[in-house]
Number of protein chains: 2
Amino acid sequence: MPSPPAHRLSIRVDLAGGGRIGPGKIALLEAIAASGSISAAGRVLKMSYRRAWELVEDLNRGLGHPVVTTAAGGSGGGGARLTPTGQRVVAEYRALEAATLAAAQPHLAALGEAPPTELD
Amino acid sequence: MPSPPAHRLSIRVDLAGGGRIGPGKIALLEAIAASGSISAAGRVLKMSYRRAWELVEDLNRGLGHPVVTTAAGGSGGGGARLTPTGQRVVAEYRALEAATLAAAQPHLAALGEAPPTELD
């Protein structure tokens with residue numbers, strides 16, 4: 001018998017300094033780290049440069065420290081990379097995600113069990 | 001030295017049948033269980049009877065089984081109580097919440113650490 005479709009856990013972190021971190025902002029930081037550019041990362045994630053910058057600035061504010069550092073450059077921009085804070089945020093968020101998904105799994109499975117038919 | 005304000009984890013469960021469960025819907029089920037009435041539960045949570053019913057029906061749809069059972073009644077309504085499915089959903093959600101918060105804690109704390117000042 002096929003198992004029933006699974007319920008899924010979705011997580012966000014509400015930052016002490018305001019704002020939130022979820023999978024979208026983490027994917028953006030990972031794309032900035034991979035591409036070395038905020039505009040390239042925005043293109044990968046199908047968001048405008050302006051939107052990508054807004055998300056980065058949300059993170060800077062919420063964490064109280066910059067997550068991305070940029071170098072001045074020509075028309076193509078001077079490149080961007082994660083600060084140590086940005087690197088730590090990505091690593092800790094991914095570790096938090098893995099740990100919470102593992103902790104949630106038995107309860108998500110129990111939520112999906114069929115009820116006792118004589119009672120429901 | 002006071003510890004810095006804490007980041008907080010926020011969770012939701014995306015249901016296989018569509019819709020989501022978060023703290024608001026669970027609080028509503030708990031208030032229905034406590035008061036024996038959807039309208040009383042709605043009042044406690046400052047939502048309309050209509051809104052409370054919509055949230056209950058979202059859960060019924062998303063889980064594929066009713067979470068609340070009602071008895072026909074007079075002008076005051078006939079009362080409402082959680083089905084075994086509804087009871088299980090509340091218990092498993094609260095267990096899931098406790099397990100994920102515990103799993104997240106060390107990572108939330110690490111997110112809040114000060115960065116190395118010479119680098120950021």
# chains A, B, ... in the order shown; residues from 1 in each chain; ligands from 1

call {"tool": "interface_residues", "arguments": {"of": "chain A", "to": "chain B", "cutoff": "9 Å", "atoms": "only C-alpha atoms", "output": "count of residues only"}}
result
47

call {"tool": "select_by_dssp", "arguments": {"residues": "chain A", "states": "alpha helix (DSSP H)", "output": "VMD selection string"}}
result
chain A and resid 23 to 35 38 to 44 49 to 63 84 to 111

call {"tool": "atom_distance", "arguments": {"atom1": "atom CA of B:Leu28", "atom2": "atom CA of B:Ala71"}}
result
18.2 Å

call {"tool": "atom_distance", "arguments": {"atom1": "atom CA of B:Leu45", "atom2": "atom CA of B:Arg61"}}
result
21.8 Å

call {"tool": "atom_distance", "arguments": {"atom1": "atom CA of B:Ala33", "atom2": "atom CA of B:Arg81"}}
result
5.6 Å

call {"tool": "select_by_dssp", "arguments": {"residues": "chain A", "states": "strand (DSSP E)", "output": "compact mmCIF listing (two decimals) with C-alpha atoms, in the first residue's frame"}}
result
# COMPACT_ATOMS: atom_id res chain seq x y z
CA ARG A 8 5.69 19.03 5.82
CA LEU A 9 7.32 21.27 8.38
CA SER A 10 8.02 24.88 7.46
CA ILE A 11 10.30 26.99 9.65
CA ARG A 12 11.25 30.64 10.01
CA VAL A 13 13.51 32.41 12.45
CA ASP A 14 12.20 35.65 13.94
CA ARG A 20 12.75 37.00 9.74
CA ILE A 21 15.01 34.43 8.12
CA VAL A 68 27.31 40.67 2.69
CA THR A 69 30.28 42.86 1.80
CA THR A 70 30.62 44.53 -1.59
CA ALA A 80 29.91 40.66 -3.35
CA ARG A 81 30.78 38.03 -0.80
CA LEU A 82 29.43 36.83 2.50
